[in-house]
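**Student:** The following file, my_file23.txt, comprises compact mmCIF, C-alpha atoms:
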```txt
# COMPACT_ATOMS: atom_id res chain seq x y z
CA MET X 242 0.00 0.00 0.00
CA SER X 243 1.05 3.59 -0.49
CA THR X 244 2.46 5.53 2.43
CA GLU X 245 2.08 8.94 0.88
CA SER X 246 2.20 11.89 3.25
CA PRO X 247 -1.17 12.86 4.71
CA THR X 248 -3.06 15.89 3.54
CA ALA X 249 -4.24 17.67 6.66
CA THR X 250 -7.86 18.66 7.06
CA ALA X 251 -6.51 21.58 9.02
CA GLY X 252 -3.09 22.31 10.46
CA PRO X 253 -2.29 22.55 14.18
CA THR X 254 -3.24 26.19 14.45
CA ALA X 255 -5.95 28.12 16.19
CA SER X 256 -9.45 26.75 15.51
CA ALA X 257 -11.10 28.38 12.50
CA GLY X 258 -14.37 26.48 12.62
CA PRO X 259 -16.28 23.58 14.19
CA THR X 260 -14.70 20.21 14.96
CA GLY X 261 -15.71 17.16 12.96
CA VAL X 262 -16.13 13.73 14.57
CA TRP X 263 -16.02 10.97 11.95
CA LEU X 264 -17.24 7.69 13.42
CA ILE X 265 -16.43 4.29 11.94
CA GLY X 266 -19.60 2.35 12.69
CA ALA X 267 -21.60 5.58 12.61
CA ARG X 268 -25.04 3.96 12.74
CA GLY X 269 -24.25 1.61 15.62
CA SER X 270 -25.51 1.89 19.18
CA VAL X 271 -22.44 3.64 20.58
CA ALA X 272 -22.30 6.20 17.77
CA THR X 273 -26.04 6.90 17.93
CA THR X 274 -25.90 7.35 21.69
CA ALA X 275 -22.93 9.71 21.37
CA VAL X 276 -24.63 11.88 18.74
CA ALA X 277 -27.95 11.99 20.61
CA GLY X 278 -26.21 12.63 23.92
CA CYS X 279 -24.09 15.46 22.54
CA ALA X 280 -27.21 17.13 21.14
CA ALA X 281 -29.08 16.67 24.43
CA MET X 282 -26.28 18.18 26.51
CA SER X 283 -25.75 21.05 24.06
CA ALA X 284 -29.45 21.91 24.34
CA GLY X 285 -29.39 21.71 28.13
CA LEU X 286 -31.78 18.75 28.19
CA HIS X 287 -29.43 16.53 30.23
CA PRO X 288 -26.36 17.14 32.43
CA PRO X 289 -22.93 15.90 31.25
CA THR X 290 -22.88 12.85 33.53
CA GLY X 291 -19.95 10.55 32.65
CA LEU X 292 -18.18 13.21 30.59
CA VAL X 293 -14.77 13.61 32.23
CA THR X 294 -13.86 16.59 30.05
CA GLU X 295 -16.74 18.55 31.59
CA THR X 296 -15.23 18.31 35.11
CA PRO X 297 -13.36 21.29 36.66
CA PRO X 298 -9.78 20.13 35.88
CA PHE X 299 -10.49 20.60 32.16
CA SER X 300 -11.80 24.11 32.46
CA GLY X 301 -9.66 26.46 30.38
CA SER X 302 -7.94 23.63 28.47
CA GLY X 303 -9.25 24.96 25.16
CA LEU X 304 -11.35 21.92 24.31
CA PRO X 305 -13.92 22.38 21.55
CA ALA X 306 -17.40 23.00 22.90
CA LEU X 307 -19.88 20.15 22.68
CA SER X 308 -22.13 22.40 20.61
CA SER X 309 -19.32 22.81 18.03
CA LEU X 310 -19.02 19.08 17.26
CA VAL X 311 -20.26 17.99 13.82
CA PHE X 312 -20.80 14.27 13.22
CA GLY X 313 -20.42 12.02 10.21
CA GLY X 314 -18.85 8.67 9.44
CA HIS X 315 -18.79 5.36 7.63
CA ASP X 316 -21.08 2.38 8.09
CA THR X 317 -22.16 -0.67 6.14
CA VAL X 318 -25.76 -0.66 7.46
CA GLU X 319 -28.56 1.55 6.21
CA CYS X 320 -30.84 2.09 9.23
CA PRO X 321 -30.90 5.92 9.64
CA LEU X 322 -29.81 7.44 12.93
CA PRO X 323 -33.27 8.77 13.94
CA LYS X 324 -34.75 5.27 13.57
CA ARG X 325 -31.78 3.71 15.38
CA ALA X 326 -32.29 6.17 18.23
CA GLU X 327 -35.96 5.15 18.46
CA HIS X 328 -34.87 1.52 18.82
CA LEU X 329 -32.43 2.46 21.58
CA ALA X 330 -35.11 4.43 23.43
CA ALA X 331 -37.47 1.46 23.21
CA GLY X 332 -34.71 -0.66 24.79
CA GLY X 333 -34.14 1.82 27.62
CA VAL X 334 -30.74 2.95 26.39
CA LEU X 335 -31.88 6.50 25.55
CA PRO X 336 -34.43 8.42 27.63
CA HIS X 337 -38.00 8.27 26.41
CA GLY X 338 -38.71 11.24 24.15
CA LEU X 339 -35.07 12.09 23.48
CA PRO X 340 -35.02 10.83 19.86
CA ALA X 341 -37.86 13.21 19.01
CA ALA X 342 -36.23 16.09 20.90
CA VAL X 343 -32.95 15.76 18.98
CA HIS X 344 -34.35 14.45 15.69
CA ALA X 345 -32.92 17.34 13.68
CA GLU X 346 -29.39 16.73 14.96
CA LEU X 347 -29.64 12.98 14.33
CA ALA X 348 -30.95 13.56 10.83
CA ALA X 349 -28.18 16.07 10.07
CA ALA X 350 -25.52 13.60 11.20
CA ASP X 351 -27.12 10.84 9.14
CA THR X 352 -26.74 12.89 5.95
CA GLU X 353 -22.97 12.81 6.55
CA ILE X 354 -22.69 9.00 6.79
CA ARG X 355 -21.12 7.27 3.80
CA PRO X 356 -21.14 3.56 2.84
CA GLY X 357 -18.31 1.67 4.46
CA GLY X 358 -16.54 -1.43 3.28
CA PRO X 359 -15.17 -3.42 1.78
CA LEU X 360 -18.43 -5.23 1.10
CA PRO X 361 -18.55 -8.64 -0.62
CA GLY X 362 -17.70 -8.28 -4.27
CA ASP X 363 -15.77 -5.03 -3.86
CA SER X 364 -12.82 -5.39 -6.23
CA ARG X 365 -10.93 -2.27 -5.14
CA THR X 366 -7.39 -2.67 -3.81
CA ASP X 367 -6.48 -1.66 -0.27
CA ASP X 368 -4.90 1.53 -1.52
CA GLU X 369 -7.97 2.40 -3.57
CA LEU X 370 -10.23 1.85 -0.55
CA ILE X 371 -7.99 3.97 1.68
CA SER X 372 -7.97 6.75 -0.90
CA ALA X 373 -11.76 6.63 -1.22
CA PHE X 374 -12.33 6.71 2.53
CA ALA X 375 -9.80 9.54 2.98
CA ALA X 376 -11.45 11.56 0.22
CA GLU X 377 -14.80 11.27 2.01
CA ILE X 378 -13.26 12.51 5.25
CA ARG X 379 -11.65 15.46 3.45
CA ALA X 380 -14.92 16.25 1.66
CA PHE X 381 -16.73 16.26 5.03
CA ALA X 382 -14.21 18.77 6.41
CA HIS X 383 -14.51 20.98 3.33
CA ARG X 384 -18.30 20.77 3.07
CA ARG X 385 -18.89 21.65 6.72
CA ARG X 386 -15.99 24.14 6.91
CA LEU X 387 -14.37 22.28 9.79
CA ALA X 388 -11.19 23.28 11.56
CA ARG X 389 -10.24 19.61 11.86
CA VAL X 390 -11.73 16.13 11.93
CA VAL X 391 -11.11 13.41 14.52
CA VAL X 392 -11.75 9.82 13.39
CA ILE X 393 -12.86 7.29 16.03
CA ASN X 394 -13.46 3.60 15.38
CA VAL X 395 -16.58 2.34 17.20
CA ALA X 396 -17.41 -0.49 14.77
CA SER X 397 -17.97 -4.10 15.80
CA THR X 398 -14.91 -6.08 16.86
CA GLU X 399 -13.17 -7.95 14.05
CA PRO X 400 -11.01 -11.09 14.48
CA ALA X 401 -7.25 -10.64 14.60
CA PRO X 402 -5.78 -10.63 11.07
CA GLY X 403 -4.46 -13.90 9.73
CA ASP X 404 -1.97 -14.52 6.98
CA ASP X 405 -4.00 -12.63 4.39
CA GLU X 406 -1.85 -9.95 2.79
CA ARG X 407 -4.77 -7.53 2.72
CA LEU X 408 -5.37 -5.06 5.54
CA PRO X 409 -8.39 -5.70 7.80
CA PRO X 410 -11.19 -3.10 7.53
CA SER X 411 -10.19 -1.35 10.78
CA SER X 412 -6.70 -0.77 9.40
CA LEU X 413 -8.07 0.56 6.12
CA TYR X 414 -10.05 3.18 8.04
CA ALA X 415 -7.08 4.00 10.29
CA ALA X 416 -4.84 4.54 7.27
CA ALA X 417 -7.55 6.67 5.66
CA ALA X 418 -7.77 8.85 8.75
CA LEU X 419 -4.05 9.58 8.71
CA ARG X 420 -4.01 10.09 4.95
CA ALA X 421 -6.81 12.66 5.40
CA GLY X 422 -4.81 14.44 8.11
CA ALA X 423 -7.21 13.44 10.90
CA PRO X 424 -6.26 12.45 14.48
CA TYR X 425 -7.40 8.90 15.21
CA ALA X 426 -8.56 6.76 18.13
CA ASN X 427 -9.43 3.08 18.08
CA PHE X 428 -12.17 2.38 20.65
CA THR X 429 -12.37 -1.29 19.61
CA PRO X 430 -10.05 -4.30 20.04
CA SER X 431 -9.66 -4.48 16.25
CA THR X 432 -6.23 -4.05 14.69
CA GLY X 433 -6.51 -0.45 13.47
CA LEU X 434 -3.14 1.31 13.52
CA HIS X 435 -1.49 -1.68 15.21
CA HIS X 436 -0.95 -3.39 11.86
CA PRO X 437 2.79 -3.58 10.98
CA ALA X 438 2.09 -2.17 7.51
CA LEU X 439 0.95 1.09 9.09
CA THR X 440 3.87 1.68 11.44
CA ASP X 441 5.74 4.05 9.14
CA LEU X 442 2.58 5.94 8.20
CA ALA X 443 1.74 6.49 11.87
CA VAL X 444 5.23 7.82 12.57
CA THR X 445 5.34 10.18 9.59
CA SER X 446 1.74 11.43 9.87
CA ARG X 447 2.60 14.12 12.45
CA LEU X 448 -0.86 13.52 13.94
CA PRO X 449 -1.95 12.55 17.45
CA PHE X 450 -3.52 9.11 17.84
CA ALA X 451 -4.55 7.01 20.81
CA GLY X 452 -4.99 3.56 22.19
CA ARG X 453 -7.05 0.52 21.42
CA ASP X 454 -10.23 -0.93 22.97
CA GLY X 455 -12.28 1.38 25.18
CA LYS X 456 -12.39 0.63 28.89
CA THR X 457 -16.02 0.88 29.99
CA GLY X 458 -17.00 -1.82 32.48
CA GLN X 459 -15.36 -5.03 33.65
CA THR X 460 -11.83 -3.94 32.74
CA LEU X 461 -12.39 -0.52 34.31
CA LEU X 462 -13.09 -2.32 37.58
CA ARG X 463 -10.09 -4.60 37.12
CA SER X 464 -7.81 -1.58 36.62
CA VAL X 465 -8.87 -0.41 40.09
CA LEU X 466 -8.92 -3.73 41.94
CA GLY X 467 -5.65 -5.08 40.49
CA PRO X 468 -3.51 -2.30 41.99
CA MET X 469 -5.39 -2.67 45.29
CA PHE X 470 -4.31 -6.29 45.67
CA ALA X 471 -0.73 -5.50 44.65
CA GLN X 472 -0.44 -2.50 46.97
CA ARG X 473 -1.80 -4.47 49.93
CA ALA X 474 0.59 -7.38 49.18
CA LEU X 475 -2.31 -9.83 48.77
CA ALA X 476 -1.48 -12.76 46.50
CA VAL X 477 -4.06 -13.28 43.77
CA ARG X 478 -4.27 -16.97 42.88
CA ALA X 479 -6.98 -16.87 40.24
CA TRP X 480 -9.18 -14.32 38.50
CA SER X 481 -12.02 -15.60 36.34
CA GLY X 482 -14.80 -13.72 34.62
CA THR X 483 -17.92 -14.07 32.55
CA ASN X 484 -19.61 -11.55 30.25
CA LEU X 485 -23.23 -11.82 29.11
CA LEU X 486 -24.15 -9.31 26.42
CA GLY X 487 -26.35 -8.86 23.38
CA GLY X 488 -26.68 -6.37 20.55
CA GLY X 489 -24.20 -6.05 17.73
CA ASP X 490 -21.25 -6.42 20.08
CA GLY X 491 -22.58 -9.69 21.46
CA ALA X 492 -23.10 -11.07 17.97
CA ALA X 493 -19.62 -9.99 16.87
CA LEU X 494 -17.98 -11.48 19.97
CA ALA X 495 -19.68 -14.83 19.36
CA ASP X 496 -16.85 -15.26 16.85
CA PRO X 497 -13.99 -16.92 18.81
CA GLY X 498 -11.42 -14.81 16.97
CA ALA X 499 -13.15 -11.56 17.91
CA ALA X 500 -13.62 -12.73 21.52
CA ALA X 501 -9.91 -13.54 21.77
CA ALA X 502 -9.03 -10.04 20.60
CA LYS X 503 -11.40 -8.58 23.22
CA ASN X 504 -10.11 -10.74 26.08
CA ALA X 505 -6.46 -9.94 25.38
CA GLY X 506 -6.93 -6.44 26.78
CA LYS X 507 -8.77 -7.66 29.86
CA GLU X 508 -5.98 -10.12 30.65
CA ARG X 509 -3.23 -7.59 29.95
CA VAL X 510 -4.57 -5.23 32.62
CA LEU X 511 -4.27 -7.95 35.27
CA ALA X 512 -0.78 -9.01 34.20
CA ASP X 513 0.43 -5.41 34.23
CA THR X 514 -1.11 -4.39 37.56
CA LEU X 515 -0.44 -7.65 39.45
CA GLY X 516 3.01 -8.28 37.98
CA THR X 517 1.96 -11.72 36.75
CA ALA X 518 -1.00 -13.26 34.98
CA PRO X 519 -3.20 -15.20 37.44
CA GLU X 520 -5.05 -18.38 36.56
CA GLY X 521 -8.46 -17.99 35.00
CA GLU X 522 -10.12 -16.76 31.83
CA VAL X 523 -12.93 -14.49 30.70
CA HIS X 524 -15.85 -16.16 28.92
CA ILE X 525 -18.12 -14.12 26.65
CA ASP X 526 -21.66 -15.31 25.93
CA ASP X 527 -23.94 -13.74 23.34
CA VAL X 528 -27.44 -13.31 24.79
CA PRO X 529 -29.41 -11.44 22.09
CA SER X 530 -32.34 -10.65 24.38
CA LEU X 531 -30.08 -8.43 26.51
CA GLY X 532 -29.69 -5.94 23.67
CA ASP X 533 -27.26 -3.18 24.68
CA TRP X 534 -27.17 -4.29 28.30
CA LYS X 535 -24.49 -6.52 29.74
CA THR X 536 -23.66 -8.34 32.95
CA ALA X 537 -20.06 -9.06 33.95
CA TRP X 538 -19.08 -11.31 36.84
CA ASP X 539 -15.61 -11.66 38.34
CA HIS X 540 -14.48 -14.29 40.84
CA ILE X 541 -11.14 -13.46 42.49
CA ALA X 542 -9.33 -15.99 44.70
CA PHE X 543 -6.53 -14.56 46.83
CA ASP X 544 -4.34 -15.38 49.83
CA GLY X 545 -4.15 -13.18 52.87
CA PHE X 546 -2.00 -13.18 56.02
CA LEU X 547 -0.67 -16.65 56.99
CA GLY X 548 -2.06 -18.07 53.76
CA THR X 549 -5.70 -17.52 54.68
CA ARG X 550 -7.72 -18.18 51.54
CA MET X 551 -10.33 -15.60 50.59
CA THR X 552 -12.46 -14.55 47.65
CA LEU X 553 -13.94 -11.39 46.19
CA GLN X 554 -16.85 -11.53 43.77
CA THR X 555 -18.13 -8.60 41.76
CA THR X 556 -21.13 -8.05 39.49
CA TRP X 557 -21.22 -5.24 36.96
CA GLN X 558 -24.49 -4.57 35.19
CA GLY X 559 -24.59 -1.71 32.75
CA CYS X 560 -25.45 -0.38 29.32
CA ASP X 561 -22.43 -0.53 27.05
CA SER X 562 -23.55 2.30 24.78
CA ALA X 563 -24.27 4.67 27.66
CA LEU X 564 -20.90 3.83 29.24
CA ALA X 565 -18.96 4.29 25.99
CA ALA X 566 -20.65 7.36 24.47
CA PRO X 567 -19.26 10.00 26.87
CA LEU X 568 -15.77 8.55 26.44
CA ILE X 569 -16.10 8.94 22.67
CA LEU X 570 -16.95 12.62 23.15
CA ASP X 571 -14.04 13.03 25.58
CA LEU X 572 -11.57 11.50 23.14
CA ALA X 573 -12.83 13.57 20.22
CA ARG X 574 -12.37 16.79 22.20
CA LEU X 575 -8.98 15.85 23.64
CA LEU X 576 -7.48 14.70 20.33
CA ALA X 577 -8.84 17.76 18.54
CA ARG X 578 -7.21 20.01 21.12
CA ALA X 579 -3.96 18.02 20.99
CA HIS X 580 -3.90 18.48 17.22
CA GLU X 581 -4.58 22.19 17.57
CA ALA X 582 -1.71 22.43 20.08
CA GLY X 583 0.68 20.79 17.61
CA LEU X 584 1.06 17.47 19.45
CA SER X 585 1.62 14.30 17.44
CA GLY X 586 2.27 10.59 17.79
CA PRO X 587 0.80 8.15 20.33
CA ARG X 588 -0.82 9.76 23.37
CA PRO X 589 -0.21 7.56 26.44
CA GLU X 590 -1.80 10.37 28.48
CA LEU X 591 -5.15 9.05 27.24
CA ALA X 592 -4.58 5.56 28.69
CA PHE X 593 -7.42 6.33 31.13
CA TYR X 594 -9.84 5.45 28.31
CA PHE X 595 -8.29 2.21 26.99
CA LYS X 596 -7.70 -1.42 27.86
CA ASP X 597 -4.68 -1.40 25.54
CA PRO X 598 -3.13 2.07 25.89
CA ASP X 599 -0.13 3.42 24.07
CA PRO X 600 3.38 2.48 25.24
CA GLY X 601 4.64 4.19 28.36
CA ALA X 602 1.32 4.24 30.18
CA SER X 603 0.48 2.59 33.47
CA SER X 604 -2.40 0.09 33.54
CA ALA X 605 -3.59 1.29 36.96
CA LEU X 606 -6.56 3.64 36.77
CA PRO X 607 -5.35 6.07 39.51
CA ASP X 608 -2.05 6.55 37.68
CA GLN X 609 -3.88 6.97 34.38
CA HIS X 610 -6.18 9.60 35.89
CA THR X 611 -3.19 11.55 37.19
CA ALA X 612 -1.61 11.45 33.73
CA LEU X 613 -4.86 12.64 32.15
CA LEU X 614 -5.11 15.62 34.50
CA THR X 615 -1.47 16.49 33.78
CA PHE X 616 -2.35 16.39 30.09
CA ALA X 617 -5.27 18.74 30.71
CA ALA X 618 -2.90 21.19 32.39
CA ARG X 619 -0.52 20.92 29.44
CA LEU X 620 -3.33 21.74 27.04
CA ARG X 621 -4.35 24.65 29.24
CA ASP X 622 -0.81 26.01 29.19
CA ALA X 623 -0.83 25.75 25.38
CA ALA X 624 -4.12 27.66 25.07
```
Output the file's structure as C-alpha cells, nothing else.

**Tutor:**
Amino acid sequence: MSTESPTATAGPTASAGPTGVWLIGARGSVATTAVAGCAAMSAGLHPPTGLVTETPPFSGSGLPALSSLVFGGHDTVECPLPKRAEHLAAGGVLPHGLPAAVHAELAAADTEIRPGGPLPGDSRTDDELISAFAAEIRAFAHRRRLARVVVINVASTEPAPGDDERLPPSSLYAAAALRAGAPYANFTPSTGLHHPALTDLAVTSRLPFAGRDGKTGQTLLRSVLGPMFAQRALAVRAWSGTNLLGGGDGAALADPGAAAAKNAGKERVLADTLGTAPEGEVHIDDVPSLGDWKTAWDHIAFDGFLGTRMTLQTTWQGCDSALAAPLILDLARLLARAHEAGLSGPRPELAFYFKDPDPGASSALPDQHTALLTFAARLRDAA
C-alpha cells in the first residue's frame, strides 16, 4: 500500500471552525448514543454525567465546545440514525422522548454518513479503498468548513488478522484517517493502527492518535482492583470472569477470533497491575435478548496473612452504549485540542480510556487519571 504523506484537514493552528467527529460504525448503538447525547447536553436537556472533560480540571484547556461538534462517518448498514435512536429508546438505552427532541441533529448527522466497506464483491485494492475513505473525510471537512476532523473507530470487533496480505477493515479506516490528516482513536479491540504495515505511516503522519479498545466496564473495575491487591501485598491466585451481552457487540464477539481479541486487553490489565498473569479466563456469551445491556461477573481468589484463603466476587451490570458514548466525546475533544496544540504521535496520556493504551502508560486507573489531569494542564498552558 502507499504511504504517501497525509493531507491535513486543518493544520495545528488556532481553531477556525467547528470540529468534525467521523465515526467508523456511525449507525451503531455507541455512535447513535454519542450523537444523541451530545445534542441533548448542548441543548441543556441533560447534564454531562460521565463526561470527564466537563469536570473542573479541564476548564480552560481549550477543548472544543460540545455544541461545536459535527458528526459524520462510515457504516455498512442503512438504518438511519433517527430510527436507530428510536430503537435504543425502546430498549431503555436512551431516555423516552429524546429521539424526538434531537431528531434534527440525528438527521443532520445521518446525511454525513457514507457507505463503508469493503463489502462482498468489492474489487478495489487496499490503496484504492484507503484513498476513497480519505477523500470522504476530506470532503466532510470541506463541506462543513471544519477546523479539523477526529476519526474514532466504534465499529464491531473484528477477528485478529491472519496470513492474508490484505489489511483488515479497521486498518483501512485507520490509514484513511491519517491520509486525510485526521487524528485517530481506536475504541475497539480491532487491529486499526497496530498493523505492521501502518507503522511508518503512523510515525510520519505528524498527527496525534490514541490507544485501542475502550475501557467501559469489567476492565475498568479490574484496573482499580488489580492495583489494590498489589499495593496491599495480597497474592491473587486466580481471577475468572464471565460476560453476558447482546446487541451487535454480542453477535460480533460470538466469533472466537473476535472474543480472543477482546479478552487480550482484559488479561493484559491484570498481568500489568499484578506483575503476573493469574489463573483464570474471561468467557463471553452472546445473549441477544439483553440488547445493549451486559452483565459481567468476576471471581477473584486470593491469599491473605498466613495463607488464609479468601475470595472477592463482583457483578457489573450496565449499558455498554451509555458507558462508551461519553468517552467517545471526551476522546474527540482531547485529540482535537492536541492536534490544535501541535502534538503528534501516540498519546499515552489518554490511557485512562483504553484497555490497551499506548506504550509508556500505566495500567492502573489512579495513575492513568493523574496522567490525564497532567495532560489537561498541558493543554491549558498551550491555550

**Student:** Please provide the set of residues having any atom within 8 Å of Asp533 in chain X, restricted to all atoms listed in the file, with same-chain residues fewer than 5 positions apart removed, written as a VMD selection string.

**Tutor:** chain X and resid 270 332 334 486 to 488 560 to 562

**Student:** From the list X:Leu434, X:Leu329, X:Ala342, X:Val391, which residue is nearest Trp263 in chain X when using all atoms listed in the file?

**Tutor:**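 Under the stated criterion, the closest residue is X:Val391.
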
**Student:** Which residues are close to Ala375 in chain X, i.e. within 8 Å by only C-alpha atoms, leaving aside same-chain residues fewer than 6 positions away? Reply as a CSV table (one decimal) with C-alpha atoms, keeping the file's coordinate frame.

**Tutor:**
```csv
chain,number,residue,atom,x,y,z
X,417,ALA,CA,-7.6,6.7,5.7
X,418,ALA,CA,-7.8,8.8,8.8
X,420,ARG,CA,-4.0,10.1,5.0
X,421,ALA,CA,-6.8,12.7,5.4
```

**Student:** Pick from X:His337, X:Lys456, X:Arg509, X:Arg355: nearest to Pro567 in chain X, with all atoms listed in the file counted?

**Tutor:**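 The closest residue to Pro567 in chain X is X:Lys456.
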
**Student:** Name the closest residue to Ser302 in chain X among the candidates X:Glu590, X:Asp539, X:Glu581, X:Glu327; distances are taken between atoms, counting only C-alpha atoms.

**Tutor:** X:Glu581

**Student:** Between X:Ser364, X:Ser300, X:Thr440, X:Thr260, single out the one closest to His383 in chain X, counting only C-alpha atoms.

**Tutor:**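 Under the stated criterion, the closest residue is X:Thr260.
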
**Student:** What would the list of residues within 12 Å of (-17.3, 19.9, 8.2) (file frame) look like as a PyMOL selection string, if only C-alpha atoms are what count?

**Tutor:** chain X and resi 250-251+257-263+309-314+349-350+352-353+377-391

**Student:** Counting only C-alpha atoms, find the residues whose atoms lie at most 7 Å from (-2.9, 11.5, 15.2) (file coordinates) and write them out as number ranges by chain.

**Tutor:** X: 419, 423-425, 447-450, 585-586

**Student:** Given the choices X:Ala479, X:Val293, X:Leu531, X:Leu264, which gets closest to Thr552 in chain X if the distance is worked out from all atoms listed in the file?

**Tutor:**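 Between X:Ala479, X:Val293, X:Leu531, X:Leu264, the residue approaching Thr552 in chain X most closely is X:Ala479.
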
**Student:** Skip Leu347 in chain X itself and residues of its chain fewer than 2 positions away, then list as a PyMOL selection string all residues within 7 Å of it, counting only C-alpha atoms.

**Tutor:** chain X and resi 276-277+322-323+343-345+349-351

**Student:** Quote the spacing between CA of Ala426 in chain X and CA of Arg463 in chain X in Å to one decimal place.

**Tutor:** 22.2 Å
